[in-house]
Amino acid sequence: MLFFIFFGVALFFLASLVLRAVYLVREAEAIVIERFGRYDRTLLPGLHFVTPFFEAPRMVSWTYVMQSDSKKYHRFIKNTYRIDLRESVYDFPRQNVITKDNVTMEINALLYYQITDPKAAIYEVSNLP
């Protein structure tokens with residue numbers, strides 16, 4: 001009976017070790033890996049193996065601003081270690097402006113951006129979105 005308990009604990013430890021060591025990075029994503037808290041490498045799409053307990057993915061906090069049906073803007077925060085490399089859109093809220101000839105009008109701006117260097121996006125920008 002003691003053998004089965006030991007075998008179960010060893011199997012659980014081995015399974016958790018494998019889950020921490022294998023990363024499957026999907027298309028248009030990247031993962032920044034740190035070794036002992038310092039930048040080590042960037043994982044691009046594919047199957048990758050890391051050293052558990054020594055290397056870990058860098059957690060990133062992304063902030064999204066979305067407009068609800070009642071025309072109010074809400075901020076959402078998402079913590080993840082996967083960096084989306086697809087083109088994204090940032091919608092600025094409507095603003096009133098006055099032109100040179102004293103005409104008041106509303107403008108709405110859109111900003112399209114795409115992350116090309118995941119390391120620079122994580123370490124050199126405080127809040128990208």
# chains A, B, ... in the order shown; residues from 1 in each chain; ligands from 1
>>> residues_around(residues="Tyr73 (chain A)", least_positions_apart="5", cutoff="12 Å", atoms="only C-alpha atoms", output="ChimeraX atom specification")
/A:64-68,91-94
>>> residues_around(residues="Gly46 (chain A)", least_positions_apart="4", cutoff="8 Å", atoms="only C-alpha atoms", output="ChimeraX atom specification")
/A:24-27
>>> closest_residue(among="A:Arg20, A:Lys72, A:Arg86, A:Lys100", to="Phe54 (chain A)", atoms="only C-alpha atoms")
A:Arg20
>>> select_by_dssp(residues="chain A", states="helix (DSSP H, G or I)", output="PyMOL selection string")
chain A and resi 2-21+118-123
>>> atom_distance(atom1="CA of Phe13 (chain A)", atom2="CA of Pro45 (chain A)")
27.3 Å
>>> residues_around(residues="Thr116 (chain A)", least_positions_apart="4", cutoff="9 Å", atoms="only C-alpha atoms", output="PDB file with C-alpha atoms, in the first residue's frame")
ATOM      1  CA  LEU A  85       1.873  39.708 -32.220  1.00  0.00           C
ATOM      2  CA  ALA A 120      11.320  45.622 -26.329  1.00  0.00           C
ATOM      3  CA  ALA A 121       7.541  45.658 -25.812  1.00  0.00           C
TER       4      ALA A 121
END
>>> select_by_dssp(residues="chain A", states="strand (DSSP E)", output="NGL selection string")
:A and (22-25 or 29-35 or 38-43 or 46-49 or 55-57 or 60-67 or 73-80 or 82-84 or 88-91 or 95-98 or 104-107 or 110-113)
>>> residues_around(residues="Pro52 (chain A)", least_positions_apart="3", cutoff="10 Å", atoms="only C-alpha atoms", output="list in words")
Ser16, Leu17, Val18, Leu19, Arg20, Ala21, Val22, Arg35, Phe49, Glu55 and Ala56 of chain A
>>> write_last_selection(atoms="all heavy atoms", output="PDB file, in the first residue's frame")
ATOM      1  N   SER A  16       3.667  17.319 -13.008  1.00  0.00           N
ATOM      2  CA  SER A  16       3.773  18.765 -12.822  1.00  0.00           C
ATOM      3  C   SER A  16       5.082  19.297 -13.382  1.00  0.00           C
ATOM      4  O   SER A  16       5.148  20.408 -13.907  1.00  0.00           O
ATOM      5  CB  SER A  16       3.626  19.133 -11.348  1.00  0.00           C
ATOM      6  OG  SER A  16       4.717  18.638 -10.607  1.00  0.00           O
ATOM      7  N   LEU A  17       6.140  18.524 -13.302  1.00  0.00           N
ATOM      8  CA  LEU A  17       7.433  18.911 -13.853  1.00  0.00           C
ATOM      9  C   LEU A  17       7.364  19.020 -15.376  1.00  0.00           C
ATOM     10  O   LEU A  17       7.876  19.980 -15.960  1.00  0.00           O
ATOM     11  CB  LEU A  17       8.503  17.898 -13.438  1.00  0.00           C
ATOM     12  CG  LEU A  17       9.946  18.262 -13.715  1.00  0.00           C
ATOM     13  CD1 LEU A  17      10.352  19.429 -12.840  1.00  0.00           C
ATOM     14  CD2 LEU A  17      10.829  17.069 -13.459  1.00  0.00           C
ATOM     15  N   VAL A  18       6.701  18.051 -16.013  1.00  0.00           N
ATOM     16  CA  VAL A  18       6.560  18.078 -17.474  1.00  0.00           C
ATOM     17  C   VAL A  18       5.685  19.249 -17.911  1.00  0.00           C
ATOM     18  O   VAL A  18       5.982  19.930 -18.903  1.00  0.00           O
ATOM     19  CB  VAL A  18       5.992  16.737 -17.991  1.00  0.00           C
ATOM     20  CG1 VAL A  18       5.557  16.833 -19.438  1.00  0.00           C
ATOM     21  CG2 VAL A  18       7.018  15.637 -17.818  1.00  0.00           C
ATOM     22  N   LEU A  19       4.611  19.542 -17.169  1.00  0.00           N
ATOM     23  CA  LEU A  19       3.737  20.665 -17.526  1.00  0.00           C
ATOM     24  C   LEU A  19       4.451  22.006 -17.393  1.00  0.00           C
ATOM     25  O   LEU A  19       4.157  22.942 -18.129  1.00  0.00           O
ATOM     26  CB  LEU A  19       2.478  20.652 -16.660  1.00  0.00           C
ATOM     27  CG  LEU A  19       1.462  19.562 -16.991  1.00  0.00           C
ATOM     28  CD1 LEU A  19       0.310  19.599 -16.008  1.00  0.00           C
ATOM     29  CD2 LEU A  19       0.958  19.720 -18.410  1.00  0.00           C
ATOM     30  N   ARG A  20       5.376  22.122 -16.481  1.00  0.00           N
ATOM     31  CA  ARG A  20       6.137  23.366 -16.319  1.00  0.00           C
ATOM     32  C   ARG A  20       7.280  23.482 -17.311  1.00  0.00           C
ATOM     33  O   ARG A  20       7.835  24.560 -17.486  1.00  0.00           O
ATOM     34  CB  ARG A  20       6.684  23.468 -14.905  1.00  0.00           C
ATOM     35  CG  ARG A  20       5.613  23.692 -13.871  1.00  0.00           C
ATOM     36  CD  ARG A  20       6.227  23.986 -12.563  1.00  0.00           C
ATOM     37  NE  ARG A  20       6.997  25.234 -12.700  1.00  0.00           N
ATOM     38  CZ  ARG A  20       7.119  26.125 -11.756  1.00  0.00           C
ATOM     39  NH1 ARG A  20       6.541  25.925 -10.608  1.00  0.00           N
ATOM     40  NH2 ARG A  20       7.823  27.210 -11.942  1.00  0.00           N
ATOM     41  N   ALA A  21       7.671  22.374 -17.946  1.00  0.00           N
ATOM     42  CA  ALA A  21       8.831  22.380 -18.820  1.00  0.00           C
ATOM     43  C   ALA A  21       8.481  22.503 -20.299  1.00  0.00           C
ATOM     44  O   ALA A  21       9.331  22.855 -21.098  1.00  0.00           O
ATOM     45  CB  ALA A  21       9.651  21.110 -18.609  1.00  0.00           C
ATOM     46  N   VAL A  22       7.238  22.234 -20.687  1.00  0.00           N
ATOM     47  CA  VAL A  22       6.857  22.215 -22.094  1.00  0.00           C
ATOM     48  C   VAL A  22       5.915  23.385 -22.381  1.00  0.00           C
ATOM     49  O   VAL A  22       4.920  23.579 -21.675  1.00  0.00           O
ATOM     50  CB  VAL A  22       6.174  20.878 -22.459  1.00  0.00           C
ATOM     51  CG1 VAL A  22       5.704  20.894 -23.897  1.00  0.00           C
ATOM     52  CG2 VAL A  22       7.113  19.722 -22.213  1.00  0.00           C
ATOM     53  N   ARG A  35      15.494  33.702 -16.974  1.00  0.00           N
ATOM     54  CA  ARG A  35      16.247  32.745 -16.155  1.00  0.00           C
ATOM     55  C   ARG A  35      16.725  33.495 -14.916  1.00  0.00           C
ATOM     56  O   ARG A  35      17.474  34.457 -15.021  1.00  0.00           O
ATOM     57  CB  ARG A  35      17.430  32.185 -16.920  1.00  0.00           C
ATOM     58  CG  ARG A  35      18.278  31.230 -16.072  1.00  0.00           C
ATOM     59  CD  ARG A  35      19.396  30.648 -16.864  1.00  0.00           C
ATOM     60  NE  ARG A  35      18.797  29.743 -17.857  1.00  0.00           N
ATOM     61  CZ  ARG A  35      19.493  29.098 -18.771  1.00  0.00           C
ATOM     62  NH1 ARG A  35      20.786  29.251 -18.829  1.00  0.00           N
ATOM     63  NH2 ARG A  35      18.897  28.308 -19.624  1.00  0.00           N
ATOM     64  N   PHE A  49      11.020  23.600 -24.937  1.00  0.00           N
ATOM     65  CA  PHE A  49      11.279  23.026 -23.623  1.00  0.00           C
ATOM     66  C   PHE A  49      12.123  24.018 -22.820  1.00  0.00           C
ATOM     67  O   PHE A  49      13.083  24.574 -23.337  1.00  0.00           O
ATOM     68  CB  PHE A  49      12.036  21.695 -23.746  1.00  0.00           C
ATOM     69  CG  PHE A  49      11.271  20.661 -24.514  1.00  0.00           C
ATOM     70  CD1 PHE A  49      11.524  20.448 -25.852  1.00  0.00           C
ATOM     71  CD2 PHE A  49      10.296  19.914 -23.887  1.00  0.00           C
ATOM     72  CE1 PHE A  49      10.817  19.497 -26.566  1.00  0.00           C
ATOM     73  CE2 PHE A  49       9.582  18.958 -24.587  1.00  0.00           C
ATOM     74  CZ  PHE A  49       9.845  18.755 -25.927  1.00  0.00           C
ATOM     75  N   GLU A  55      13.943  28.584 -15.159  1.00  0.00           N
ATOM     76  CA  GLU A  55      13.419  29.475 -16.191  1.00  0.00           C
ATOM     77  C   GLU A  55      11.906  29.557 -16.044  1.00  0.00           C
ATOM     78  O   GLU A  55      11.247  28.567 -15.779  1.00  0.00           O
ATOM     79  CB  GLU A  55      13.766  28.949 -17.582  1.00  0.00           C
ATOM     80  CG  GLU A  55      15.247  28.868 -17.850  1.00  0.00           C
ATOM     81  CD  GLU A  55      15.549  28.255 -19.192  1.00  0.00           C
ATOM     82  OE1 GLU A  55      14.720  27.496 -19.732  1.00  0.00           O
ATOM     83  OE2 GLU A  55      16.634  28.533 -19.701  1.00  0.00           O
ATOM     84  N   ALA A  56      11.384  30.761 -16.246  1.00  0.00           N
ATOM     85  CA  ALA A  56       9.941  30.978 -16.121  1.00  0.00           C
ATOM     86  C   ALA A  56       9.510  32.035 -17.133  1.00  0.00           C
ATOM     87  O   ALA A  56      10.289  32.925 -17.485  1.00  0.00           O
ATOM     88  CB  ALA A  56       9.598  31.436 -14.710  1.00  0.00           C
TER      89      ALA A  56
END
>>> residues_around(residues="Ile115 (chain A)", least_positions_apart="3", cutoff="12 Å", atoms="only C-alpha atoms", output="ChimeraX atom specification")
/A:28-30,83-89,112,118-122,125,128-129
>>> closest_residue(among="A:Phe4, A:Tyr39, A:Tyr23, A:Phe12", to="Tyr123 (chain A)", atoms="only C-alpha atoms")
A:Tyr39
>>> atom_distance(atom1="CA of Ser61 (chain A)", atom2="CA of Asn108 (chain A)")
26.2 Å
>>> decode(residues="region 32-44 of chain A", atoms="all heavy atoms", output="PDB file, in the first residue's frame")
ATOM      1  N   VAL A  32       8.185  35.476 -23.532  1.00  0.00           N
ATOM      2  CA  VAL A  32       9.503  35.918 -23.077  1.00  0.00           C
ATOM      3  C   VAL A  32       9.894  35.072 -21.870  1.00  0.00           C
ATOM      4  O   VAL A  32       9.156  34.995 -20.894  1.00  0.00           O
ATOM      5  CB  VAL A  32       9.483  37.419 -22.720  1.00  0.00           C
ATOM      6  CG1 VAL A  32      10.789  37.843 -22.091  1.00  0.00           C
ATOM      7  CG2 VAL A  32       9.193  38.249 -23.949  1.00  0.00           C
ATOM      8  N   ILE A  33      11.044  34.420 -21.949  1.00  0.00           N
ATOM      9  CA  ILE A  33      11.524  33.542 -20.880  1.00  0.00           C
ATOM     10  C   ILE A  33      12.622  34.246 -20.091  1.00  0.00           C
ATOM     11  O   ILE A  33      13.536  34.833 -20.674  1.00  0.00           O
ATOM     12  CB  ILE A  33      12.060  32.211 -21.463  1.00  0.00           C
ATOM     13  CG1 ILE A  33      10.954  31.457 -22.173  1.00  0.00           C
ATOM     14  CG2 ILE A  33      12.694  31.347 -20.383  1.00  0.00           C
ATOM     15  CD1 ILE A  33       9.870  30.943 -21.263  1.00  0.00           C
ATOM     16  N   GLU A  34      12.500  34.182 -18.772  1.00  0.00           N
ATOM     17  CA  GLU A  34      13.520  34.737 -17.888  1.00  0.00           C
ATOM     18  C   GLU A  34      14.187  33.603 -17.122  1.00  0.00           C
ATOM     19  O   GLU A  34      13.523  32.682 -16.673  1.00  0.00           O
ATOM     20  CB  GLU A  34      12.896  35.703 -16.885  1.00  0.00           C
ATOM     21  CG  GLU A  34      12.357  36.949 -17.500  1.00  0.00           C
ATOM     22  CD  GLU A  34      11.748  37.869 -16.470  1.00  0.00           C
ATOM     23  OE1 GLU A  34      11.379  37.391 -15.377  1.00  0.00           O
ATOM     24  OE2 GLU A  34      11.639  39.064 -16.757  1.00  0.00           O
ATOM     25  N   ARG A  35      15.494  33.702 -16.974  1.00  0.00           N
ATOM     26  CA  ARG A  35      16.247  32.745 -16.155  1.00  0.00           C
ATOM     27  C   ARG A  35      16.725  33.495 -14.916  1.00  0.00           C
ATOM     28  O   ARG A  35      17.474  34.457 -15.021  1.00  0.00           O
ATOM     29  CB  ARG A  35      17.430  32.185 -16.920  1.00  0.00           C
ATOM     30  CG  ARG A  35      18.278  31.230 -16.072  1.00  0.00           C
ATOM     31  CD  ARG A  35      19.396  30.648 -16.864  1.00  0.00           C
ATOM     32  NE  ARG A  35      18.797  29.743 -17.857  1.00  0.00           N
ATOM     33  CZ  ARG A  35      19.493  29.098 -18.771  1.00  0.00           C
ATOM     34  NH1 ARG A  35      20.786  29.251 -18.829  1.00  0.00           N
ATOM     35  NH2 ARG A  35      18.897  28.308 -19.624  1.00  0.00           N
ATOM     36  N   PHE A  36      16.256  33.064 -13.758  1.00  0.00           N
ATOM     37  CA  PHE A  36      16.563  33.707 -12.484  1.00  0.00           C
ATOM     38  C   PHE A  36      16.197  35.191 -12.507  1.00  0.00           C
ATOM     39  O   PHE A  36      16.882  36.031 -11.958  1.00  0.00           O
ATOM     40  CB  PHE A  36      18.033  33.535 -12.106  1.00  0.00           C
ATOM     41  CG  PHE A  36      18.447  32.115 -11.908  1.00  0.00           C
ATOM     42  CD1 PHE A  36      19.420  31.548 -12.698  1.00  0.00           C
ATOM     43  CD2 PHE A  36      17.855  31.341 -10.918  1.00  0.00           C
ATOM     44  CE1 PHE A  36      19.799  30.234 -12.515  1.00  0.00           C
ATOM     45  CE2 PHE A  36      18.238  30.032 -10.737  1.00  0.00           C
ATOM     46  CZ  PHE A  36      19.209  29.469 -11.530  1.00  0.00           C
ATOM     47  N   GLY A  37      15.084  35.553 -13.164  1.00  0.00           N
ATOM     48  CA  GLY A  37      14.603  36.923 -13.172  1.00  0.00           C
ATOM     49  C   GLY A  37      15.211  37.834 -14.210  1.00  0.00           C
ATOM     50  O   GLY A  37      14.856  39.006 -14.280  1.00  0.00           O
ATOM     51  N   ARG A  38      16.105  37.337 -15.056  1.00  0.00           N
ATOM     52  CA  ARG A  38      16.718  38.139 -16.111  1.00  0.00           C
ATOM     53  C   ARG A  38      16.315  37.569 -17.465  1.00  0.00           C
ATOM     54  O   ARG A  38      16.101  36.373 -17.613  1.00  0.00           O
ATOM     55  CB  ARG A  38      18.234  38.132 -15.989  1.00  0.00           C
ATOM     56  CG  ARG A  38      18.714  38.712 -14.661  1.00  0.00           C
ATOM     57  CD  ARG A  38      20.176  38.773 -14.599  1.00  0.00           C
ATOM     58  NE  ARG A  38      20.589  39.958 -15.365  1.00  0.00           N
ATOM     59  CZ  ARG A  38      21.836  40.215 -15.686  1.00  0.00           C
ATOM     60  NH1 ARG A  38      22.780  39.380 -15.343  1.00  0.00           N
ATOM     61  NH2 ARG A  38      22.142  41.292 -16.357  1.00  0.00           N
ATOM     62  N   TYR A  39      16.267  38.440 -18.473  1.00  0.00           N
ATOM     63  CA  TYR A  39      15.880  38.010 -19.813  1.00  0.00           C
ATOM     64  C   TYR A  39      16.845  36.941 -20.317  1.00  0.00           C
ATOM     65  O   TYR A  39      18.060  37.088 -20.237  1.00  0.00           O
ATOM     66  CB  TYR A  39      15.877  39.207 -20.777  1.00  0.00           C
ATOM     67  CG  TYR A  39      15.626  38.808 -22.204  1.00  0.00           C
ATOM     68  CD1 TYR A  39      14.348  38.505 -22.636  1.00  0.00           C
ATOM     69  CD2 TYR A  39      16.659  38.705 -23.112  1.00  0.00           C
ATOM     70  CE1 TYR A  39      14.109  38.123 -23.944  1.00  0.00           C
ATOM     71  CE2 TYR A  39      16.441  38.332 -24.413  1.00  0.00           C
ATOM     72  CZ  TYR A  39      15.166  38.038 -24.825  1.00  0.00           C
ATOM     73  OH  TYR A  39      14.933  37.650 -26.116  1.00  0.00           O
ATOM     74  N   ASP A  40      16.260  35.860 -20.860  1.00  0.00           N
ATOM     75  CA  ASP A  40      17.075  34.781 -21.418  1.00  0.00           C
ATOM     76  C   ASP A  40      16.834  34.632 -22.917  1.00  0.00           C
ATOM     77  O   ASP A  40      17.765  34.672 -23.700  1.00  0.00           O
ATOM     78  CB  ASP A  40      16.783  33.470 -20.698  1.00  0.00           C
ATOM     79  CG  ASP A  40      17.698  32.347 -21.150  1.00  0.00           C
ATOM     80  OD1 ASP A  40      18.917  32.579 -21.219  1.00  0.00           O
ATOM     81  OD2 ASP A  40      17.186  31.251 -21.450  1.00  0.00           O
ATOM     82  N   ARG A  41      15.562  34.465 -23.306  1.00  0.00           N
ATOM     83  CA  ARG A  41      15.260  34.287 -24.729  1.00  0.00           C
ATOM     84  C   ARG A  41      13.771  34.500 -24.967  1.00  0.00           C
ATOM     85  O   ARG A  41      12.980  34.575 -24.038  1.00  0.00           O
ATOM     86  CB  ARG A  41      15.676  32.906 -25.210  1.00  0.00           C
ATOM     87  CG  ARG A  41      14.916  31.765 -24.564  1.00  0.00           C
ATOM     88  CD  ARG A  41      15.486  30.425 -25.033  1.00  0.00           C
ATOM     89  NE  ARG A  41      14.733  29.317 -24.512  1.00  0.00           N
ATOM     90  CZ  ARG A  41      14.949  28.732 -23.346  1.00  0.00           C
ATOM     91  NH1 ARG A  41      15.883  29.183 -22.545  1.00  0.00           N
ATOM     92  NH2 ARG A  41      14.224  27.701 -22.969  1.00  0.00           N
ATOM     93  N   THR A  42      13.417  34.586 -26.246  1.00  0.00           N
ATOM     94  CA  THR A  42      12.029  34.733 -26.667  1.00  0.00           C
ATOM     95  C   THR A  42      11.618  33.470 -27.405  1.00  0.00           C
ATOM     96  O   THR A  42      12.302  33.057 -28.342  1.00  0.00           O
ATOM     97  CB  THR A  42      11.859  35.955 -27.581  1.00  0.00           C
ATOM     98  OG1 THR A  42      12.289  37.117 -26.879  1.00  0.00           O
ATOM     99  CG2 THR A  42      10.411  36.135 -27.990  1.00  0.00           C
ATOM    100  N   LEU A  43      10.510  32.883 -26.983  1.00  0.00           N
ATOM    101  CA  LEU A  43      10.002  31.690 -27.648  1.00  0.00           C
ATOM    102  C   LEU A  43       9.036  32.109 -28.743  1.00  0.00           C
ATOM    103  O   LEU A  43       8.050  32.786 -28.485  1.00  0.00           O
ATOM    104  CB  LEU A  43       9.282  30.781 -26.648  1.00  0.00           C
ATOM    105  CG  LEU A  43      10.079  30.308 -25.435  1.00  0.00           C
ATOM    106  CD1 LEU A  43       9.217  29.389 -24.583  1.00  0.00           C
ATOM    107  CD2 LEU A  43      11.342  29.605 -25.864  1.00  0.00           C
ATOM    108  N   LEU A  44       9.323  31.712 -29.970  1.00  0.00           N
ATOM    109  CA  LEU A  44       8.465  31.989 -31.109  1.00  0.00           C
ATOM    110  C   LEU A  44       7.588  30.763 -31.362  1.00  0.00           C
ATOM    111  O   LEU A  44       7.734  29.755 -30.677  1.00  0.00           O
ATOM    112  CB  LEU A  44       9.330  32.357 -32.303  1.00  0.00           C
ATOM    113  CG  LEU A  44      10.157  33.634 -32.106  1.00  0.00           C
ATOM    114  CD1 LEU A  44      11.079  33.859 -33.284  1.00  0.00           C
ATOM    115  CD2 LEU A  44       9.268  34.829 -31.878  1.00  0.00           C
TER     116      LEU A  44
END
